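Novice: First the structure, then my questions, so here it is.
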Amino acid sequence: MRSRTSSTLNIHWFSPLSALTSGKKPSPSIVKLSEAGIETLYDLLWILPLRIHKMPPPQPFTEAELNQYIKGSGKVLHVDIKPAFGRRGKGNILLYNGYIVVKDDLSHETMSLRWFNLYPNQKKQIEQLDHLLFLGQVQEYKAQKQVINPQILSTLSETPEYIIEYPTINKLAGIHVKKILELIPSVLWNEIPQRLPELGYDNEMTLGHAFKIIHGKVNAGDFSQELKNQAERRLIYEEFLEDQLKIQTRRKFLKLKDAPKLILDKPTLSKMISSLPFTLTDDQMKVFDFIQKDLLSGHPMMRMVQGDVGCGKTIVAFLASQIVIKNKLQVALMCPTEALAQQHYESFTALNPELKVSLLLGSSKIKERRVLLKDLLSGETELVIGTHSLFQESVVFKDLGLAIIDEQHKFGVEQRLKLIAKGEGCHCLIMTATPIPRTLSLAQYGDLDIASIKTMPAGRKPIKTRITEKVNYPKYVEFVKSRLLLGEQAYFVFPAIEESESLDIQNVKDSIKRYQQTFKGFKVAALHGQMKPDEKEEVIRAFKNKEVNILISTSVIEVGINIPNATIMSIYNPERFGLSSLHQLRGRVGRGEKPGFCFLVLDKDVSPEAYQRLQVIEGSLDGFNIAEEDLRFRGEGDIFGVDQSGTTSTKKLANFITHSDILEKVVSDLATLQEKRPEILAPHFERLAKDQKILDTI
């Protein structure tokens, strides 16, 4: 909505930045902002000030406080301006550094003022001063107060009510960003558009008023820290609102797509479940029921199954694949590592020996690959299991009906999209052993249907975890030897393959020799990412066949290794791993009837925070609890990933960890509005549906 005044100016909040200038060509400042994705006046509103201060009253130098602004005046006693060490500005113009001493008008004190990189016209202005009015921040140099790059004022009274500092954007200094913002006509500040006032949050503070407070467009008497906090919460709500609208737009887009309705008759389904070598847990059955309904819906399934290491997600994926295959469609299972792909291949063929399954890896030989690609295209292959090779253009299916992605966080969004795009109306099942906290699921995975498996299969023994320090290291070594003598096996995991000059951490190559001495009489082998695929395969085979007692490795074994006889997981320099990785590594043991043991081995003192993180692992086996703690320790990060620019703008204030209450309110408010007044939301979904980036990031 535009007022008459703003209409006559022919400018509004969604005008391009070029509308602020009269020239035919946009200014260099506007070009830099446009290159940074700031294209409209409304985008300028989201360049939030770094700091905002009330303008101080004129004050004597004696009252000047360090790091605070001072507005002062005085007589110029001394001027010293010299070339700035050969520095040059635009047009190759020589720059200068300036230094003057001013005697205070309000006291007997003096103060030094310094300028750096002055242009000749600025140099001339300073040289002509005999009396000075200035504004700047007080700093200290050699126990003396001084002001760096002060602003020269015309009068002490004719100054703005606020001092606002803006961030540098695309190498455009904050002072120039501020000048662009000052070009916005004052009348527009009363016309800031409301996105969804029907949600009711504006009863507390309107979006427009929040922006005016944040940008210092209110009277100084109306400004307070409490009001600023309230304004920030209003903007946080708006950020979450935009994200949730995008997420729901993607969900609606998916629901509009058609997909084959897949079903199995009850006798066939019952026979398939009863033929399994174990009984499904209640959670596994519940999740499988969800999947059956998804496959029958007529729209592409987009479901994430989350559950702790060893909870039985794979068997649910196997059952889903059988429904698809019996409906004459193909299945692709994509894994982050060749070891995990090999493990799934063995598991699926053991569960159904008649299954026409192929394995496509980066290390697959050219001749084998040609045959496999031919069988995929003809439909001879019902299920293909592989790594990143699966989403390559050369991989073409006759009729792909289901894409299963294991450990989704290991893949980029583009890779997942390429795989799903290989089938018309392809269903998608995502598995993750890194449980998703509620706030993260709302913020990142709101467009997915999420199901959880929390109960573990019967017979699993709990894993005992201990932090091992220098003082109890000898006891740890003796305990490991005792388990090895019982015929059990051990993993020793290190954060690096070889020695690093910059990092004081243990590594695989040096440790091989040391532990061959420490554990004489036992076979020790290494596994790491620099080895050739056939070398890795040989080491894993030897470990499976109990020809190797201790496997020294990097975190390459985090997923994909399933050896029930391995009961000891020793993680060296555990402070170098994230909590989720530590939990995943621990899940490699305790997978059989024997109990598992996990040791977090410290060879030096670590920070209190790092030790506290390790205590979380020591004290909990609950992956959901560990995921929450991991999120709290490491912070939000970029939840959508750097390649997913269409899903969200860079967060300015919102953080789904510290502001989870606001996020949940947004989700609740939108659900209520969708139920009671869906016509209000419809235009917003239409607007966002035009952005292909949003629809592609699913």
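Labeling convention for the structure tokens: chains A, B, ... as they appear, residues from 1 per chain, ligands from 1 in order of appearance.
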Please return, as number ranges by chain, all residues of region 293-524 of chain A that DSSP assigns to strand (DSSP E or B) on the basis of the backbone.
Specialist: A: 302-307, 330-334, 357-360, 383-386, 400-406, 427-432, 449-453, 463-468, 489-493, 496, 507, 524
Novice: Could those residues be written to a file, using C-alpha atoms, as a compact mmCIF listing (two decimals), in the first residue's frame?
Specialist:
# COMPACT_ATOMS: atom_id res chain seq x y z
CA MET A 302 8.90 -37.90 1.26
CA ARG A 303 9.50 -39.61 4.58
CA MET A 304 12.44 -39.56 6.92
CA VAL A 305 12.94 -42.48 9.27
CA GLN A 306 15.15 -41.55 12.18
CA GLY A 307 16.45 -43.90 14.81
CA GLN A 330 12.73 -50.49 -9.39
CA VAL A 331 14.47 -49.34 -6.21
CA ALA A 332 17.74 -47.44 -5.70
CA LEU A 333 19.52 -47.35 -2.34
CA MET A 334 22.22 -44.67 -2.06
CA VAL A 357 20.08 -56.82 -6.86
CA SER A 358 23.21 -55.11 -8.20
CA LEU A 359 26.03 -53.16 -6.54
CA LEU A 360 27.29 -49.98 -8.24
CA LEU A 383 17.28 -53.09 -6.80
CA VAL A 384 20.56 -51.25 -7.17
CA ILE A 385 22.68 -50.33 -4.16
CA GLY A 386 25.49 -47.86 -4.54
CA LEU A 400 12.42 -46.12 -10.75
CA GLY A 401 9.71 -46.17 -8.09
CA LEU A 402 11.62 -45.65 -4.83
CA ALA A 403 14.85 -43.89 -3.89
CA ILE A 404 16.21 -44.80 -0.45
CA ILE A 405 18.90 -42.50 0.91
CA ASP A 406 20.89 -43.69 3.91
CA HIS A 427 8.88 -42.07 -3.83
CA CYS A 428 11.68 -41.15 -1.44
CA LEU A 429 12.64 -42.71 1.89
CA ILE A 430 15.40 -41.08 3.90
CA MET A 431 17.14 -42.83 6.78
CA THR A 432 19.28 -41.21 9.44
CA ASP A 449 7.04 -36.66 7.21
CA ILE A 450 9.25 -37.86 10.05
CA ALA A 451 8.89 -41.20 11.80
CA SER A 452 11.03 -42.44 14.68
CA ILE A 453 12.21 -45.88 15.80
CA ILE A 463 27.42 -50.41 25.79
CA LYS A 464 29.57 -49.22 28.70
CA THR A 465 31.41 -45.95 27.99
CA ARG A 466 34.37 -44.56 29.95
CA ILE A 467 36.59 -41.49 29.63
CA THR A 468 40.17 -42.79 29.87
CA GLN A 489 38.12 -57.76 18.57
CA ALA A 490 38.71 -54.03 18.90
CA TYR A 491 38.53 -50.81 16.89
CA PHE A 492 41.05 -48.04 17.61
CA VAL A 493 39.90 -44.81 15.95
CA ALA A 496 44.00 -38.17 11.42
CA ASN A 507 47.26 -40.46 13.89
CA VAL A 524 47.04 -55.19 14.15
Novice: Can you tell me, as a PyMOL selection string, what residues are no more than 12 Å from Leu269 (chain A) when counting only C-alpha atoms, ignoring any on the same chain fewer than 6 positions away?
Specialist: chain A and resi 263+275-276+288-289+292+319-320+322-323+326
Novice: Create the file for the chosen residues now, containing C-alpha atoms and written as a PDB file, in the first residue's frame.
Specialist:
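File produced: again-v2.pdb:
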ATOM      1  CA  ILE A 263       0.095 -51.895  -2.382  1.00  0.00           C
ATOM      2  CA  SER A 275       9.628 -64.932   6.803  1.00  0.00           C
ATOM      3  CA  LEU A 276      12.014 -62.479   8.479  1.00  0.00           C
ATOM      4  CA  PHE A 288       6.244 -49.557   8.220  1.00  0.00           C
ATOM      5  CA  ASP A 289       2.514 -48.808   8.486  1.00  0.00           C
ATOM      6  CA  GLN A 292       2.515 -48.311   3.396  1.00  0.00           C
ATOM      7  CA  LEU A 319      10.161 -54.139   3.432  1.00  0.00           C
ATOM      8  CA  ALA A 320       9.349 -50.867   1.621  1.00  0.00           C
ATOM      9  CA  GLN A 322       9.722 -55.288  -1.543  1.00  0.00           C
ATOM     10  CA  ILE A 323       6.360 -53.552  -1.956  1.00  0.00           C
ATOM     11  CA  LYS A 326       6.390 -56.524  -6.355  1.00  0.00           C
TER      12      LYS A 326
END
Novice: If I take CA of Pro193 (chain A) and CA of Phe14 (chain A), how far is one from the other in Å, to one decimal?
Specialist: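 About the pair CA of Pro193 (chain A) and CA of Phe14 (chain A): they are 9.6 Å apart.
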Novice: Rounded to one decimal place, report the CA of Ala433 (chain A)-CA of Leu390 (chain A) distance in Å.
Specialist: 21.5 Å
Novice: Which residues in region 433-678 of chain A does DSSP call alpha helix (DSSP H)? List them as JSON, numbers by chain.
Specialist: {"A": [438, 439, 440, 441, 442, 443, 444, 473, 474, 475, 476, 477, 478, 479, 480, 481, 482, 483, 484, 485, 508, 509, 510, 511, 512, 513, 514, 515, 516, 517, 518, 533, 534, 535, 536, 537, 538, 539, 540, 541, 542, 543, 544, 579, 580, 581, 582, 583, 584, 585, 586, 608, 609, 610, 611, 612, 613, 614, 615, 616, 617, 618, 619, 623, 624, 625, 626, 627, 628, 629, 630, 631, 632, 633, 634, 660, 661, 662, 663, 664, 665, 666, 667, 668, 669, 670, 671, 672, 673, 674, 675, 676, 678]}
Novice: Which value, in Å to one decimal, gives the distance between CA of His215 (chain A) and CA of Ile164 (chain A)?
Specialist: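 Separating CA of His215 (chain A) from CA of Ile164 (chain A) is a distance of 7.6 Å.
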Novice: Neighbouring residues of Ser107 (chain A) were defined as those with any atom within 12 Å, considering only C-alpha atoms; residues of the same chain fewer than 2 positions away were excluded. Please report them as a list of chain:residue names.
Specialist: A:Gln59, A:Pro60, A:Phe61, A:Thr62, A:Glu63, A:Ala64, A:Gly72, A:Ser73, A:Gly74, A:Lys75, A:Val102, A:Lys103, A:Asp104, A:Asp105, A:Glu109, A:Thr110, A:Met111
Novice: When distances are computed from only C-alpha atoms, which of A:Ser27, A:Ser224, A:Thr40, A:Gln343 shows the smallest separation from Ile561 (chain A)?
Specialist: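 Using only C-alpha atoms, Ile561 (chain A) sits closest to A:Gln343.
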